[in-house]
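S.K.: Handing you a structure now.
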Amino acid sequence: MDLLSNLAFGFGVAFSLHNLAYCFGGVLLGTLVGVLPGIGPLVAIGMLFPLTFTLPPVAALIMLAGIYYGAQYGGSTTSILINLPGETASVVTCLDGYQMARQGRAGPALAVAALASFFAGCVGTLLIGLAGPPLAQLALRFGAAEYFSLMLMALVASVVLTSGDLVKGFCMVAVGLLLGLVGPDVNSGTARYTFGVLDLYDGIGFTLIVVGLFAVAEVVSNLESSEVGEVFTRKIAKFMPTRKDLRDSSWPAVRGTAIGATFGVLPGTGPALSSFVTYMLEKRISKDPARFGRGAIEGVAAPEAANNAAAQTNFIPMLTLGVPSSAVMALMMGAMMVQGITPGPQVMTENPELFWGLVASMWIGNLLLVVLNLPLVGVWASLLRVPYRWLFPSIVAFCCIGSYSVNNSAFDVYLCAAIGALGYILAKLECEPAPLLLGFVLGPLMEEYLRRAMLLSRGEPSVFVSRPLSLAFVLGAAGILAMMLIPRMKREKPRNDLRSER
Amino acid sequence: MQLDLRNNRDVLAGLLFTAFGILAVLVARRYPFGTAMHMGPGYFPTVLGAVLIFLGLAVVARGLVSAARVKGEWGWRPLALVVLAIVLFAFLMPRAGLLPALAAAILTSAAGGREFRFKEVVVVAALMSVLAVAVLVYALKLPYPLIVGLPWIS
């Protein structure tokens, strides 16, 4: 079978001593930063991203992917122990996980979270291997119009699903698209928005946006106000879940995986949404919904499985179509481009060792995570006692080094400071940064596809709706938008259920 | 009741976006616009800028209606100190070397926290310096001078 031989090939790549070491390093670093409060996966990848520049592409991506799901995983530990989600995907884990910890059952909660995530990760990895080739085949038939519509749908979805406010979300996308245009125009070579500054002639570095918008802005936000919750680190002596725990959490984990895997593939959605939806579902179908929010183990297993499955299947659109489905994937895509690889369907045929190696390394990474997390929970928990006042100067230092090392340019660091200030102000005005990042990555690509599509259609914009695949994406974008607008017009409940449920 | 515009969340956000859009459109006027079929370098940015102006004004209008305020206080002090820390790093890195730049960045940003304990900050700075030198200079072999003017320790 093709899949098996491909996976075997991938494992061959991933099991090389080098790649195994980078996978391990990535997972370890990821867990470490994920556990540290105030640093989510995005910031972790953003800060550590420059360190991978010198690595070969396969190793770099394996390491970045490891950091990503390592951080995701570490985030669940903080949710359970201190009720402080490392990132939005583990917000729901707090609800029951923290309650379990307060009842002295932090150990079983952590163990179930780890096992559910591992299960979901295995399924997710397999799905990438299964869905990858056919999707890439399909994508090879895409023309400029299809790509433009697909990216449009991804942007719309990212606005609708990641941020609370639609209009501001679209504004952020537009700002991101514009920032992405800084630098030479591909067709005419005109230098745009450089304001005569030589350092801008190559465009704004991808790292600067990430580090400034997410890491720097985040540090400032945390300094402005933050209170540290109670830490339950003393009572995790026994962490083995009972038989009943396992029985209670196995079906929720399976359902969580299914939902997470589905949501992960959709552009714009991602781990966060899927864990919300799963939690709601479990609560609804439970015989005793009142237990939720009071330490129900299903409330830990299901969302943890969902966010990990989604974290894996999130890679599918990026790897096969070259369209990132979330901010983290935008970052991974940026990392690929820095390595000189154009993301898209041709990756699988031109760089099979990259695609299959990455897929295989994810499975290995998930295994490593279980091995790392279960016995070492005590170590991670003790990290939670590190006070933030020691951490944030180090984060700032990392940001400086990170933005300097990309081009060895002091200008980049100044720019990073400016972007960081802008990021803080935007965050304060409740504008979500994720759509901006997505727009930034997609900006030049979208312009290019738009131009090409319009040139081929002789200036006829109907090309986007006359080609069936393109029409499907446009309708998809409209559908997602309608999904969000219609309930709001009815004005029955405030916003959607997800938010009121929090 | 007077409208508190200075702390009106959406008015501020909308104005920021509108300003950004206006800037984008104005600058894009210098680039050839082209036609829908042959788009020039000015086409896409002009359209985007126009969209941004329009949406930005919509956000302003909504802010005037809802009058939602910015949550919490503005953290001007941490913002200023963190930005200053990064700027100092950028200034010192090529002129004085990695170690002074790191020390300045860490000390300055630490001053932005709610508690500043000098001894702890020095320890953090020392640890970070060791880490940075080990990773950047020894492991990744990046050609950064540790301290400019002291070549023998580099």
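Here's how to read the names in the structure tokens: chain A, B, ... by the order shown, residue numbers from 1 in each chain, ligand numbers from 1 in the order shown.
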Could you list, as a list in words, every residue within 8 Å of stretch 358-362 of chain A, counting only C-alpha atoms and ignoring same-chain residues fewer than 4 positions away?
M.R.: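 The filter keeps Leu7, Gly10, Phe11, Ala14, Phe15, Leu20, Cys23, Val58, Leu61, Ile62, Ala65, Gly66, Gly121, Thr125, Ile128, Gly129, Gln312, Glu353, Leu354 and Asn366 of chain A.
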S.K.: May I have the residues from that selection written out with N, CA and C atoms, as an mmCIF file, in the first residue's frame?
M.R.:
```cif
data_model
loop_
_atom_site.group_PDB
_atom_site.id
_atom_site.type_symbol
_atom_site.label_atom_id
_atom_site.label_comp_id
_atom_site.auth_asym_id
_atom_site.auth_seq_id
_atom_site.Cartn_x
_atom_site.Cartn_y
_atom_site.Cartn_z
ATOM 1 N N LEU A 7 4.773 6.062 4.642
ATOM 2 C CA LEU A 7 5.007 6.267 6.069
ATOM 3 C C LEU A 7 6.329 5.630 6.480
ATOM 4 N N GLY A 10 8.887 7.872 5.532
ATOM 5 C CA GLY A 10 8.899 8.994 6.468
ATOM 6 C C GLY A 10 9.569 8.635 7.778
ATOM 7 N N PHE A 11 9.248 7.456 8.282
ATOM 8 C CA PHE A 11 9.867 7.052 9.547
ATOM 9 C C PHE A 11 11.367 6.880 9.377
ATOM 10 N N ALA A 14 12.572 10.349 9.705
ATOM 11 C CA ALA A 14 12.409 10.913 11.038
ATOM 12 C C ALA A 14 13.257 10.192 12.071
ATOM 13 N N PHE A 15 13.557 8.916 11.813
ATOM 14 C CA PHE A 15 14.327 8.175 12.808
ATOM 15 C C PHE A 15 15.832 8.362 12.660
ATOM 16 N N LEU A 20 15.730 12.886 14.869
ATOM 17 C CA LEU A 20 15.168 12.453 16.134
ATOM 18 C C LEU A 20 15.568 13.435 17.232
ATOM 19 N N CYS A 23 13.605 16.604 16.811
ATOM 20 C CA CYS A 23 12.224 16.382 17.236
ATOM 21 C C CYS A 23 12.157 16.426 18.761
ATOM 22 N N VAL A 58 14.258 19.955 6.520
ATOM 23 C CA VAL A 58 13.495 18.899 7.191
ATOM 24 C C VAL A 58 13.650 19.025 8.705
ATOM 25 N N LEU A 61 11.766 22.086 10.136
ATOM 26 C CA LEU A 61 10.315 21.945 10.259
ATOM 27 C C LEU A 61 9.937 20.931 11.320
ATOM 28 N N ILE A 62 10.714 19.865 11.409
ATOM 29 C CA ILE A 62 10.444 18.864 12.443
ATOM 30 C C ILE A 62 10.539 19.519 13.812
ATOM 31 N N ALA A 65 7.588 21.973 14.348
ATOM 32 C CA ALA A 65 6.357 21.236 14.616
ATOM 33 C C ALA A 65 6.391 20.694 16.037
ATOM 34 N N GLY A 66 7.555 20.197 16.438
ATOM 35 C CA GLY A 66 7.696 19.686 17.803
ATOM 36 C C GLY A 66 7.420 20.765 18.828
ATOM 37 N N GLY A 121 -3.362 12.455 18.679
ATOM 38 C CA GLY A 121 -2.207 12.730 17.842
ATOM 39 C C GLY A 121 -1.943 11.611 16.851
ATOM 40 N N THR A 125 -2.065 12.163 12.875
ATOM 41 C CA THR A 125 -0.918 11.879 12.017
ATOM 42 C C THR A 125 -1.316 10.986 10.850
ATOM 43 N N ILE A 128 -3.256 12.872 8.218
ATOM 44 C CA ILE A 128 -2.446 13.687 7.309
ATOM 45 C C ILE A 128 -1.893 12.816 6.200
ATOM 46 N N GLY A 129 -1.406 11.627 6.600
ATOM 47 C CA GLY A 129 -0.861 10.720 5.604
ATOM 48 C C GLY A 129 -1.912 10.265 4.604
ATOM 49 N N GLN A 312 -2.917 18.642 14.756
ATOM 50 C CA GLN A 312 -2.279 17.813 13.736
ATOM 51 C C GLN A 312 -2.889 18.048 12.359
ATOM 52 N N GLU A 353 10.716 13.775 1.260
ATOM 53 C CA GLU A 353 11.330 13.498 2.571
ATOM 54 C C GLU A 353 10.860 14.525 3.581
ATOM 55 N N LEU A 354 10.552 15.738 3.097
ATOM 56 C CA LEU A 354 10.052 16.760 4.007
ATOM 57 C C LEU A 354 8.644 16.409 4.473
ATOM 58 N N ASN A 366 4.613 12.879 19.395
ATOM 59 C CA ASN A 366 3.519 12.621 20.325
ATOM 60 C C ASN A 366 3.882 11.559 21.349
#
```
S.K.: Counting only C-alpha atoms, collect the residues of chain B whose closest atom lies at most 6 Å from chain A, and write them out as a ChimeraX atom specification.
M.R.: /B:9,13,36-37,52,75,78-79,83,86-87,90,106,109-110,113
S.K.: Those residues with N, CA and C atoms, as a PDB file, in the first residue's frame please?
M.R.:
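Result written to again.pdb:
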```pdb
ATOM      1  N   ARG B   9     -12.983  52.608  22.980  1.00  0.00           N
ATOM      2  CA  ARG B   9     -12.238  51.517  22.352  1.00  0.00           C
ATOM      3  C   ARG B   9     -12.370  51.519  20.830  1.00  0.00           C
ATOM      4  N   ALA B  13      -9.724  52.496  17.734  1.00  0.00           N
ATOM      5  CA  ALA B  13      -9.327  51.450  16.790  1.00  0.00           C
ATOM      6  C   ALA B  13      -9.689  51.865  15.371  1.00  0.00           C
ATOM      7  N   ALA B  36      -7.949  46.569 -14.641  1.00  0.00           N
ATOM      8  CA  ALA B  36      -8.340  45.317 -13.988  1.00  0.00           C
ATOM      9  C   ALA B  36      -7.624  44.139 -14.642  1.00  0.00           C
ATOM     10  N   MET B  37      -7.364  44.255 -15.928  1.00  0.00           N
ATOM     11  CA  MET B  37      -6.706  43.145 -16.608  1.00  0.00           C
ATOM     12  C   MET B  37      -5.202  43.164 -16.358  1.00  0.00           C
ATOM     13  N   LEU B  52      -9.984  49.545   3.890  1.00  0.00           N
ATOM     14  CA  LEU B  52      -9.600  49.809   5.274  1.00  0.00           C
ATOM     15  C   LEU B  52     -10.192  51.128   5.776  1.00  0.00           C
ATOM     16  N   GLY B  75      -1.040  50.480  29.946  1.00  0.00           N
ATOM     17  CA  GLY B  75       0.245  50.228  30.611  1.00  0.00           C
ATOM     18  C   GLY B  75       1.372  50.995  29.953  1.00  0.00           C
ATOM     19  N   PRO B  78       5.136  50.081  31.433  1.00  0.00           N
ATOM     20  CA  PRO B  78       5.771  48.878  30.885  1.00  0.00           C
ATOM     21  C   PRO B  78       6.004  48.959  29.385  1.00  0.00           C
ATOM     22  N   LEU B  79       5.060  49.566  28.668  1.00  0.00           N
ATOM     23  CA  LEU B  79       5.241  49.669  27.221  1.00  0.00           C
ATOM     24  C   LEU B  79       6.500  50.451  26.897  1.00  0.00           C
ATOM     25  N   VAL B  83       9.794  48.771  25.172  1.00  0.00           N
ATOM     26  CA  VAL B  83      10.227  49.281  23.873  1.00  0.00           C
ATOM     27  C   VAL B  83      11.642  49.866  23.987  1.00  0.00           C
ATOM     28  N   ILE B  86      14.242  47.179  23.955  1.00  0.00           N
ATOM     29  CA  ILE B  86      14.532  46.611  22.636  1.00  0.00           C
ATOM     30  C   ILE B  86      15.350  47.595  21.807  1.00  0.00           C
ATOM     31  N   VAL B  87      14.977  48.890  21.918  1.00  0.00           N
ATOM     32  CA  VAL B  87      15.714  49.909  21.168  1.00  0.00           C
ATOM     33  C   VAL B  87      17.173  49.956  21.638  1.00  0.00           C
ATOM     34  N   ALA B  90      19.070  47.170  20.121  1.00  0.00           N
ATOM     35  CA  ALA B  90      19.378  47.422  18.718  1.00  0.00           C
ATOM     36  C   ALA B  90      20.524  48.422  18.586  1.00  0.00           C
ATOM     37  N   ILE B 106      17.860  43.510  29.352  1.00  0.00           N
ATOM     38  CA  ILE B 106      17.256  42.809  30.493  1.00  0.00           C
ATOM     39  C   ILE B 106      17.012  43.765  31.653  1.00  0.00           C
ATOM     40  N   SER B 109      14.097  46.254  30.654  1.00  0.00           N
ATOM     41  CA  SER B 109      12.750  45.685  30.617  1.00  0.00           C
ATOM     42  C   SER B 109      12.311  45.264  32.015  1.00  0.00           C
ATOM     43  N   ALA B 110      13.267  44.787  32.826  1.00  0.00           N
ATOM     44  CA  ALA B 110      12.907  44.364  34.177  1.00  0.00           C
ATOM     45  C   ALA B 110      12.357  45.540  34.977  1.00  0.00           C
ATOM     46  N   GLY B 113       8.560  45.921  35.210  1.00  0.00           N
ATOM     47  CA  GLY B 113       7.725  45.043  36.015  1.00  0.00           C
ATOM     48  C   GLY B 113       7.217  45.748  37.254  1.00  0.00           C
TER      49      GLY B 113
END
```
S.K.: With only C-alpha atoms as the atoms that count, which of B:Ala61, B:Ala103, B:Val121, B:Ile53 lies nearest to B:Ile22?
M.R.: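 Selected residue with least distance to B:Ile22: B:Ile53.
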